[in-house]
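Shown next: structure_9.txt, given as compact mmCIF, C-alpha atoms (C1' of nucleotides).
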```
# COMPACT_ATOMS: atom_id res chain seq x y z
CA MET U 1 -7.98 27.85 30.61
CA LEU U 2 -8.48 25.01 28.13
CA LEU U 3 -11.76 26.51 26.96
CA GLU U 4 -10.12 29.89 26.58
CA ILE U 5 -7.39 28.39 24.39
CA TYR U 6 -10.04 26.56 22.39
CA GLN U 7 -11.91 29.77 21.75
CA ARG U 8 -8.75 31.54 20.60
CA LEU U 9 -7.94 28.77 18.17
CA LEU U 10 -11.50 28.68 16.86
CA ASP U 11 -11.55 32.45 16.40
CA SER U 12 -8.23 32.35 14.54
CA PHE U 13 -8.63 29.28 12.36
CA GLY U 14 -12.40 28.79 12.17
CA SER U 15 -14.21 25.48 12.31
CA GLN U 16 -12.03 22.73 10.81
CA GLU U 17 -14.91 20.39 9.94
CA TRP U 18 -12.91 17.20 9.94
CA TRP U 19 -14.81 14.26 8.57
CA PRO U 20 -18.10 15.86 7.58
CA MET U 21 -20.70 13.11 7.51
CA GLU U 22 -22.16 14.00 4.13
CA GLY U 23 -21.07 12.41 0.85
CA GLY U 24 -18.49 9.71 0.40
CA PHE U 25 -18.87 6.04 1.00
CA GLU U 26 -21.85 4.82 3.07
CA PRO U 27 -21.70 4.31 5.91
CA ARG U 28 -19.56 7.42 6.11
CA GLU U 29 -18.22 6.24 9.47
CA TRP U 30 -16.48 3.32 7.82
CA GLU U 31 -14.41 5.62 5.66
CA VAL U 32 -13.51 7.61 8.77
CA CYS U 33 -12.09 4.43 10.35
CA LEU U 34 -9.98 3.67 7.29
CA GLY U 35 -8.72 7.25 7.21
CA ALA U 36 -7.75 7.07 10.89
CA ILE U 37 -5.51 4.10 10.13
CA LEU U 38 -4.09 5.43 6.86
CA THR U 39 -3.19 8.79 8.35
CA GLN U 40 -0.71 7.34 10.85
CA ASN U 41 2.39 9.52 10.62
CA THR U 42 1.35 10.61 7.16
CA ASN U 43 0.31 13.76 5.38
CA TRP U 44 -3.48 13.93 5.00
CA LYS U 45 -3.24 14.71 1.28
CA ASN U 46 -1.67 11.30 0.72
CA VAL U 47 -4.42 9.63 2.73
CA GLU U 48 -7.05 11.19 0.47
CA ARG U 49 -5.28 9.71 -2.54
CA ALA U 50 -5.28 6.26 -0.98
CA LEU U 51 -8.98 6.53 -0.08
CA GLU U 52 -9.75 7.71 -3.60
CA ASN U 53 -7.88 4.73 -5.03
CA LEU U 54 -9.91 2.37 -2.86
CA LYS U 55 -13.16 3.97 -4.01
CA LYS U 56 -12.28 3.96 -7.69
CA ALA U 57 -11.25 0.32 -7.53
CA GLY U 58 -14.48 -0.53 -5.71
CA LYS U 59 -12.46 -1.90 -2.82
CA ILE U 60 -13.53 0.34 0.01
CA SER U 61 -16.30 -1.77 1.52
CA PRO U 62 -15.35 -4.19 4.32
CA MET U 63 -16.16 -7.24 2.22
CA ASN U 64 -14.15 -6.02 -0.75
CA ILE U 65 -11.14 -5.12 1.37
CA LEU U 66 -11.03 -8.72 2.52
CA LYS U 67 -11.53 -9.97 -1.03
CA ALA U 68 -8.74 -7.83 -2.49
CA GLY U 69 -5.40 -9.52 -3.06
CA LYS U 70 -2.43 -8.57 -0.88
CA GLY U 71 -0.55 -6.88 -3.70
CA GLU U 72 -3.65 -5.14 -4.96
CA LEU U 73 -4.47 -3.63 -1.56
CA GLU U 74 -0.86 -2.54 -1.10
CA GLY U 75 -0.92 -0.83 -4.48
CA LEU U 76 -4.11 1.06 -3.67
CA VAL U 77 -2.93 2.44 -0.34
CA ARG U 78 0.61 3.06 -1.57
CA PRO U 79 0.32 6.89 -1.68
CA SER U 80 -0.28 7.00 2.07
CA GLY U 81 3.18 5.56 2.81
CA TYR U 82 4.09 2.47 4.87
CA TYR U 83 1.85 0.76 2.38
CA LYS U 84 2.76 -2.82 3.28
CA GLN U 85 2.04 -2.29 6.96
CA LYS U 86 -1.11 -0.33 6.27
CA ALA U 87 -2.52 -2.96 3.93
CA VAL U 88 -2.15 -5.50 6.76
CA LYS U 89 -3.66 -3.07 9.26
CA LEU U 90 -6.71 -2.45 7.08
CA ARG U 91 -7.26 -6.18 6.69
CA ASP U 92 -6.87 -6.92 10.39
CA PHE U 93 -9.17 -4.09 11.36
CA THR U 94 -11.80 -5.10 8.78
CA ASP U 95 -11.64 -8.66 10.02
CA PHE U 96 -12.12 -7.41 13.57
CA VAL U 97 -15.14 -5.29 12.61
CA LEU U 98 -16.85 -8.07 10.68
CA GLY U 99 -16.33 -10.30 13.70
CA PHE U 100 -19.08 -8.26 15.35
CA GLY U 101 -21.41 -9.19 12.49
CA GLY U 102 -21.09 -5.88 10.64
CA PHE U 103 -20.18 -2.24 11.07
CA ARG U 104 -23.38 -1.24 12.89
CA GLN U 105 -22.95 -3.90 15.55
CA PHE U 106 -19.25 -3.07 15.85
CA SER U 107 -20.14 0.58 16.24
CA LYS U 108 -22.53 -0.14 19.13
CA LYS U 109 -20.63 -2.83 20.98
CA VAL U 110 -16.88 -2.27 20.62
CA SER U 111 -14.96 -1.05 23.65
CA ARG U 112 -11.81 1.05 23.69
CA GLU U 113 -9.91 -1.83 25.28
CA ALA U 114 -10.99 -4.25 22.55
CA LEU U 115 -10.02 -1.77 19.84
CA LEU U 116 -6.54 -1.42 21.35
CA GLU U 117 -6.06 -5.18 21.06
CA VAL U 118 -6.18 -4.96 17.27
CA ARG U 119 -2.72 -5.04 15.71
CA GLY U 120 -1.85 -1.64 14.26
CA ILE U 121 -4.40 0.28 16.34
CA GLY U 122 -2.62 2.31 19.00
CA PRO U 123 -4.14 4.78 21.44
CA GLU U 124 -4.37 7.73 19.06
CA THR U 125 -5.89 5.74 16.22
CA ALA U 126 -8.33 4.04 18.61
CA ASP U 127 -9.47 7.36 20.05
CA SER U 128 -9.77 8.89 16.57
CA ILE U 129 -12.04 6.04 15.53
CA LEU U 130 -14.04 6.24 18.76
CA LEU U 131 -14.47 10.01 18.55
CA TYR U 132 -14.80 10.79 14.84
CA ALA U 133 -16.47 7.59 13.60
CA LEU U 134 -18.38 6.23 16.60
CA GLY U 135 -19.25 9.48 18.36
CA ARG U 136 -17.78 8.46 21.74
CA SER U 137 -16.31 11.09 24.03
CA CYS U 138 -12.60 10.24 23.79
CA PHE U 139 -10.19 13.14 23.56
CA VAL U 140 -7.55 12.45 20.91
CA VAL U 141 -3.96 13.15 21.92
CA ASP U 142 -1.25 13.41 19.28
CA ALA U 143 2.30 14.69 18.89
CA TYR U 144 1.02 18.23 18.33
CA THR U 145 -1.03 18.12 21.53
CA ARG U 146 2.05 17.14 23.53
CA ARG U 147 4.23 19.73 21.83
CA VAL U 148 1.87 22.67 22.05
CA PHE U 149 0.57 22.14 25.58
CA SER U 150 4.01 21.31 26.94
CA ARG U 151 5.31 24.57 25.53
CA LEU U 152 2.41 26.33 27.15
CA GLY U 153 3.59 24.81 30.42
CA LEU U 154 0.26 23.10 31.03
CA LEU U 155 1.42 19.47 30.90
CA LYS U 156 3.58 17.98 33.62
CA ASP U 157 6.78 16.34 32.39
CA GLY U 158 6.62 12.63 31.78
CA LEU U 159 2.86 12.36 31.32
CA ASP U 160 2.05 9.42 29.09
CA TYR U 161 -0.77 9.21 26.55
CA GLU U 162 -3.41 8.21 29.11
CA GLY U 163 -2.29 10.91 31.48
CA ILE U 164 -2.63 13.61 28.85
CA ARG U 165 -6.01 12.26 27.74
CA ARG U 166 -7.31 12.33 31.31
CA PHE U 167 -5.99 15.87 31.72
CA PHE U 168 -8.16 17.08 28.86
CA GLU U 169 -11.19 14.93 29.64
CA GLU U 170 -11.26 16.02 33.28
CA LYS U 171 -10.98 19.70 32.46
CA LEU U 172 -13.34 19.88 29.49
CA PRO U 173 -17.10 19.39 29.42
CA LYS U 174 -18.00 16.02 27.89
CA ASP U 175 -19.01 17.41 24.51
CA ILE U 176 -18.35 15.29 21.42
CA ASN U 177 -18.33 18.22 19.04
CA LEU U 178 -15.98 20.16 21.31
CA TYR U 179 -13.57 17.20 21.39
CA LYS U 180 -13.70 16.83 17.61
CA GLU U 181 -13.12 20.48 16.89
CA TYR U 182 -10.48 20.97 19.60
CA HIS U 183 -8.24 18.16 18.34
CA ALA U 184 -8.55 19.39 14.76
CA LEU U 185 -7.65 22.93 15.83
CA ILE U 186 -4.60 21.71 17.75
CA VAL U 187 -3.42 19.91 14.61
CA GLU U 188 -3.96 23.04 12.55
CA LEU U 189 -1.92 25.07 15.04
CA GLY U 190 0.76 22.39 15.21
CA LYS U 191 1.19 22.38 11.46
CA ARG U 192 1.98 26.07 11.54
CA LEU U 193 4.67 25.72 14.17
CA CYS U 194 8.26 24.87 13.63
CA ARG U 195 9.36 21.69 15.32
CA ASN U 196 12.03 23.07 17.62
CA LYS U 197 11.23 26.73 17.83
CA PRO U 198 9.08 28.81 20.16
CA LEU U 199 5.52 29.54 19.18
CA CYS U 200 5.69 32.23 16.56
CA ARG U 201 4.39 35.76 16.97
CA GLU U 202 1.46 35.08 14.70
CA CYS U 203 0.35 32.22 16.94
CA PRO U 204 -3.03 32.86 18.59
CA LEU U 205 -1.59 31.49 21.84
CA ASP U 206 1.39 33.83 21.71
CA LYS U 207 0.70 35.70 24.93
CA GLN U 208 0.21 32.51 26.92
CA CYS U 209 3.30 30.72 25.74
CA LYS U 210 6.08 30.67 28.31
CA PHE U 211 8.57 30.26 25.49
CA ARG U 212 7.35 33.36 23.76
CA ASP U 213 10.17 34.98 21.82
C1' DG M 1 18.47 17.12 -1.11
C1' DG M 2 16.60 17.30 3.61
C1' DC M 3 12.78 17.54 6.54
C1' DC M 4 8.32 16.26 7.87
C1' DA M 5 3.50 14.41 7.98
C1' DG M 6 -3.51 13.80 11.81
C1' DG M 7 1.80 6.48 14.74
C1' DA M 8 2.59 1.78 16.01
C1' DC M 9 5.50 -1.75 17.19
C1' DA M 10 9.61 -4.57 18.06
C1' DC M 11 13.78 -4.60 20.38
C1' DC M 12 17.07 -3.29 23.77
C1' DA M 13 19.13 -1.83 28.18
C1' DT R 1 9.75 2.62 31.62
C1' DG R 2 12.34 4.95 28.27
C1' DG R 3 15.05 5.44 24.17
C1' DT R 4 15.84 4.05 19.33
C1' DG R 5 15.22 1.93 14.68
C1' DT R 6 11.93 0.72 11.12
C1' DC R 7 8.33 1.25 8.07
C1' DA R 8 7.68 4.78 2.94
C1' DT R 9 5.22 8.09 -0.03
C1' DG R 10 4.78 12.86 -1.56
C1' DG R 11 4.95 18.13 -0.72
C1' DC R 12 7.70 21.92 0.05
```

Conversion result in structure tokens:
Amino acid sequence: MLLEIYQRLLDSFGSQEWWPMEGGFEPREWEVCLGAILTQNTNWKNVERALENLKKAGKISPMNILKAGKGELEGLVRPSGYYKQKAVKLRDFTDFVLGFGGFRQFSKKVSREALLEVRGIGPETADSILLYALGRSCFVVDAYTRRVFSRLGLLKDGLDYEGIRRFFEEKLPKDINLYKEYHALIVELGKRLCRNKPLCRECPLDKQCKFRD
DNA sequence: GGCCAGGACACCA
DNA sequence: TGGTGTCATGGC
């Protein structure tokens, strides 16, 4: 069932290609981590502006994020919203990464549990970093995932984040690229849906939705 | 002018 | 454990 839904979404929307690994700051994975934090409850367009600001100011590397003044960092990430909180989060996360001795070591050694200990990194952000930046097989659950799959009647009521994550990970083959694409497709579908309305007629999942109008 | 976006966290009962 | 307020910019 989950694979069938995946195929429908892929056929309708095409490959989303989130975080292509070409171009951008090197290592590319570092920028992915920053984006995962900056995108919290925020439109992606605004995140791109913040990342662009960091690049232009030469403040995107781990060392330079730590060197940047508080006000300066806040100003650079301002377009992504919650800029005071996010400036702190970027600093704390950078500090955490450098504690491993550098990004490469962090990338090899960090555990999901350790990542969740960092202030400002919740389950979704941790899994986004693990999946999209570090290539680990963690399925990312977000508000859209809950909304869409609850409406499809596939998620039991009251399932928490871990419960929903297990649901997907147990029913899908452990395939990094499948996880990456699936989450991106769910977000794309979610963006097209109205918050409190049934799935629309144009929705590729229309026939499966128990709330079909 | 209101609603929402690729959440996390503190606080309360 | 579950509900609610807070943080904030920019697009539509």

Sort by chain and increasing residue number a table of all residues of chain M within 8 Å of chain U, each with its closest pair of atoms and their distance in Å to one decimal, counting only C-alpha atoms (C1' of nucleotides), and write it as a tab-separated table.
```
residue	atom	partner	partner_atom	distance
M:DA5	C1'	U:Asn43	CA	4.2
M:DG6	C1'	U:Thr39	CA	6.1
M:DG7	C1'	U:Gln40	CA	4.7
M:DA8	C1'	U:Gly120	CA	5.9
M:DC9	C1'	U:Gly120	CA	7.9
```

Grab the residues selected above and save them as a PDB file, in the coordinates of the input with C-alpha atoms (C1' of nucleotides).
```
ATOM      1  C1'  DA M   5       3.500  14.410   7.980  1.00  0.00           C
ATOM      2  C1'  DG M   6      -3.510  13.800  11.810  1.00  0.00           C
ATOM      3  C1'  DG M   7       1.800   6.480  14.740  1.00  0.00           C
ATOM      4  C1'  DA M   8       2.590   1.780  16.010  1.00  0.00           C
ATOM      5  C1'  DC M   9       5.500  -1.750  17.190  1.00  0.00           C
TER       6       DC M   9
END
```

Q: Would you kindly report the residues of chain U within 8 Å of chain R, using all atoms listed in the file, as a ChimeraX atom specification?
A: /U:46,78-83,85

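The space between CA of Leu193 in chain U and CA of Trp18 in chain U spans 20.0 Å.
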
Q: Record the distance separating CA of Tyr132 in chain U and CA of Gly153 in chain U, expressed in Å with one decimal.
A: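 A separation of 27.9 Å between them.
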
Listed atoms of range 171-186 of chain U boxed along x, y and z, 3 Å each side, centre and edge lengths in Å, one decimal, as AutoDock Vina command-line options:
```
--center_x -11.8 --center_y 19.1 --center_z 23.6 --size_x 20.4 --size_y 13.6 --size_z 23.7
```

Coordinate excerpt as a JSON list (two decimals), in the first residue's frame: range 30-79 of chain U, N, CA and C atoms:
```
[["chain", "number", "residue", "atom", "x", "y", "z"],
["U", 30, "TRP", "N", 26.96, 19.85, 4.81],
["U", 30, "TRP", "CA", 26.91, 20.85, 5.89],
["U", 30, "TRP", "C", 25.76, 21.82, 5.65],
["U", 31, "GLU", "N", 25.65, 22.26, 4.42],
["U", 31, "GLU", "CA", 24.57, 23.19, 4.06],
["U", 31, "GLU", "C", 23.21, 22.53, 4.26],
["U", 32, "VAL", "N", 23.14, 21.24, 4.01],
["U", 32, "VAL", "CA", 21.88, 20.50, 4.22],
["U", 32, "VAL", "C", 21.49, 20.55, 5.69],
["U", 33, "CYS", "N", 22.47, 20.40, 6.57],
["U", 33, "CYS", "CA", 22.20, 20.46, 8.02],
["U", 33, "CYS", "C", 21.66, 21.84, 8.41],
["U", 34, "LEU", "N", 22.30, 22.87, 7.91],
["U", 34, "LEU", "CA", 21.85, 24.23, 8.24],
["U", 34, "LEU", "C", 20.42, 24.45, 7.74],
["U", 35, "GLY", "N", 20.16, 23.98, 6.52],
["U", 35, "GLY", "CA", 18.83, 24.14, 5.94],
["U", 35, "GLY", "C", 17.78, 23.41, 6.77],
["U", 36, "ALA", "N", 18.13, 22.23, 7.28],
["U", 36, "ALA", "CA", 17.19, 21.45, 8.08],
["U", 36, "ALA", "C", 16.78, 22.20, 9.33],
["U", 37, "ILE", "N", 17.70, 22.97, 9.89],
["U", 37, "ILE", "CA", 17.38, 23.76, 11.09],
["U", 37, "ILE", "C", 16.60, 25.02, 10.71],
["U", 38, "LEU", "N", 17.06, 25.68, 9.66],
["U", 38, "LEU", "CA", 16.42, 26.95, 9.28],
["U", 38, "LEU", "C", 14.99, 26.76, 8.77],
["U", 39, "THR", "N", 14.69, 25.58, 8.27],
["U", 39, "THR", "CA", 13.37, 25.38, 7.66],
["U", 39, "THR", "C", 12.28, 25.07, 8.67],
["U", 40, "GLN", "N", 12.63, 25.00, 9.95],
["U", 40, "GLN", "CA", 11.62, 24.67, 10.96],
["U", 40, "GLN", "C", 10.43, 25.63, 10.90],
["U", 41, "ASN", "N", 9.29, 25.08, 10.61],
["U", 41, "ASN", "CA", 8.04, 25.84, 10.52],
["U", 41, "ASN", "C", 8.17, 27.09, 9.65],
["U", 42, "THR", "N", 8.86, 26.97, 8.55],
["U", 42, "THR", "CA", 9.15, 28.13, 7.71],
["U", 42, "THR", "C", 9.13, 27.76, 6.24],
["U", 43, "ASN", "N", 8.65, 28.69, 5.45],
["U", 43, "ASN", "CA", 8.63, 28.52, 4.01],
["U", 43, "ASN", "C", 10.04, 28.33, 3.45],
["U", 44, "TRP", "N", 10.20, 27.38, 2.55],
["U", 44, "TRP", "CA", 11.55, 27.06, 2.04],
["U", 44, "TRP", "C", 12.20, 28.24, 1.31],
["U", 45, "LYS", "N", 11.38, 29.06, 0.65],
["U", 45, "LYS", "CA", 11.92, 30.22, -0.06],
["U", 45, "LYS", "C", 12.72, 31.10, 0.90],
["U", 46, "ASN", "N", 12.17, 31.28, 2.10],
["U", 46, "ASN", "CA", 12.83, 32.14, 3.08],
["U", 46, "ASN", "C", 14.12, 31.52, 3.59],
["U", 47, "VAL", "N", 14.15, 30.19, 3.63],
["U", 47, "VAL", "CA", 15.36, 29.49, 4.05],
["U", 47, "VAL", "C", 16.47, 29.71, 3.02],
["U", 48, "GLU", "N", 16.11, 29.67, 1.75],
["U", 48, "GLU", "CA", 17.10, 29.89, 0.69],
["U", 48, "GLU", "C", 17.71, 31.28, 0.81],
["U", 49, "ARG", "N", 16.90, 32.26, 1.18],
["U", 49, "ARG", "CA", 17.42, 33.62, 1.36],
["U", 49, "ARG", "C", 18.44, 33.66, 2.49],
["U", 50, "ALA", "N", 18.08, 33.00, 3.59],
["U", 50, "ALA", "CA", 18.99, 32.99, 4.74],
["U", 50, "ALA", "C", 20.30, 32.30, 4.38],
["U", 51, "LEU", "N", 20.22, 31.17, 3.67],
["U", 51, "LEU", "CA", 21.44, 30.45, 3.28],
["U", 51, "LEU", "C", 22.28, 31.31, 2.34],
["U", 52, "GLU", "N", 21.59, 32.01, 1.46],
["U", 52, "GLU", "CA", 22.30, 32.89, 0.51],
["U", 52, "GLU", "C", 23.02, 34.01, 1.26],
["U", 53, "ASN", "N", 22.34, 34.56, 2.25],
["U", 53, "ASN", "CA", 22.97, 35.60, 3.07],
["U", 53, "ASN", "C", 24.23, 35.08, 3.74],
["U", 54, "LEU", "N", 24.15, 33.88, 4.28],
["U", 54, "LEU", "CA", 25.31, 33.29, 4.97],
["U", 54, "LEU", "C", 26.46, 33.11, 3.99],
["U", 55, "LYS", "N", 26.15, 32.67, 2.79],
["U", 55, "LYS", "CA", 27.20, 32.44, 1.78],
["U", 55, "LYS", "C", 27.84, 33.76, 1.38],
["U", 56, "LYS", "N", 27.00, 34.74, 1.07],
["U", 56, "LYS", "CA", 27.53, 36.02, 0.60],
["U", 56, "LYS", "C", 28.41, 36.68, 1.65],
["U", 57, "ALA", "N", 28.03, 36.50, 2.91],
["U", 57, "ALA", "CA", 28.79, 37.12, 4.00],
["U", 57, "ALA", "C", 30.01, 36.28, 4.38],
["U", 58, "GLY", "N", 30.16, 35.13, 3.70],
["U", 58, "GLY", "CA", 31.27, 34.24, 4.02],
["U", 58, "GLY", "C", 31.16, 33.64, 5.41],
["U", 59, "LYS", "N", 29.93, 33.46, 5.88],
["U", 59, "LYS", "CA", 29.72, 32.97, 7.23],
["U", 59, "LYS", "C", 29.07, 31.60, 7.27],
["U", 60, "ILE", "N", 29.21, 30.84, 6.21],
["U", 60, "ILE", "CA", 28.48, 29.57, 6.20],
["U", 60, "ILE", "C", 29.30, 28.39, 6.73],
["U", 61, "SER", "N", 30.60, 28.53, 6.78],
["U", 61, "SER", "CA", 31.42, 27.42, 7.29],
["U", 61, "SER", "C", 31.26, 27.32, 8.80],
["U", 62, "PRO", "N", 31.48, 26.13, 9.36],
["U", 62, "PRO", "CA", 31.33, 25.95, 10.81],
["U", 62, "PRO", "C", 32.16, 26.95, 11.61],
["U", 63, "MET", "N", 33.42, 27.11, 11.24],
["U", 63, "MET", "CA", 34.28, 28.03, 11.97],
["U", 63, "MET", "C", 33.76, 29.45, 11.93],
["U", 64, "ASN", "N", 33.30, 29.88, 10.75],
["U", 64, "ASN", "CA", 32.84, 31.26, 10.63],
["U", 64, "ASN", "C", 31.48, 31.51, 11.28],
["U", 65, "ILE", "N", 30.69, 30.47, 11.41],
["U", 65, "ILE", "CA", 29.43, 30.64, 12.15],
["U", 65, "ILE", "C", 29.74, 30.92, 13.61],
["U", 66, "LEU", "N", 30.73, 30.21, 14.13],
["U", 66, "LEU", "CA", 31.10, 30.45, 15.53],
["U", 66, "LEU", "C", 31.77, 31.81, 15.71],
["U", 67, "LYS", "N", 32.48, 32.24, 14.68],
["U", 67, "LYS", "CA", 33.18, 33.54, 14.77],
["U", 67, "LYS", "C", 32.22, 34.72, 14.66],
["U", 68, "ALA", "N", 31.13, 34.53, 13.94],
["U", 68, "ALA", "CA", 30.20, 35.63, 13.69],
["U", 68, "ALA", "C", 29.60, 36.15, 15.00],
["U", 69, "GLY", "N", 29.38, 37.44, 15.08],
["U", 69, "GLY", "CA", 28.75, 38.02, 16.26],
["U", 69, "GLY", "C", 27.29, 37.61, 16.33],
["U", 70, "LYS", "N", 26.72, 37.71, 17.53],
["U", 70, "LYS", "CA", 25.33, 37.31, 17.75],
["U", 70, "LYS", "C", 24.39, 38.08, 16.82],
["U", 71, "GLY", "N", 24.54, 39.41, 16.85],
["U", 71, "GLY", "CA", 23.67, 40.26, 16.04],
["U", 71, "GLY", "C", 23.87, 40.04, 14.55],
["U", 72, "GLU", "N", 25.10, 39.78, 14.18],
["U", 72, "GLU", "CA", 25.39, 39.55, 12.76],
["U", 72, "GLU", "C", 24.71, 38.28, 12.26],
["U", 73, "LEU", "N", 24.84, 37.20, 13.04],
["U", 73, "LEU", "CA", 24.23, 35.93, 12.66],
["U", 73, "LEU", "C", 22.71, 36.06, 12.60],
["U", 74, "GLU", "N", 22.15, 36.76, 13.59],
["U", 74, "GLU", "CA", 20.70, 36.97, 13.59],
["U", 74, "GLU", "C", 20.25, 37.70, 12.33],
["U", 75, "GLY", "N", 21.02, 38.72, 11.96],
["U", 75, "GLY", "CA", 20.67, 39.50, 10.78],
["U", 75, "GLY", "C", 20.70, 38.66, 9.51],
["U", 76, "LEU", "N", 21.67, 37.75, 9.43],
["U", 76, "LEU", "CA", 21.82, 36.94, 8.22],
["U", 76, "LEU", "C", 20.70, 35.92, 8.06],
["U", 77, "VAL", "N", 20.25, 35.35, 9.17],
["U", 77, "VAL", "CA", 19.20, 34.32, 9.07],
["U", 77, "VAL", "C", 17.80, 34.91, 9.24],
["U", 78, "ARG", "N", 17.73, 36.20, 9.38],
["U", 78, "ARG", "CA", 16.46, 36.89, 9.61],
["U", 78, "ARG", "C", 15.33, 36.50, 8.65],
["U", 79, "PRO", "N", 15.61, 36.39, 7.34],
["U", 79, "PRO", "CA", 14.50, 36.05, 6.42],
["U", 79, "PRO", "C", 13.82, 34.73, 6.72]]
```
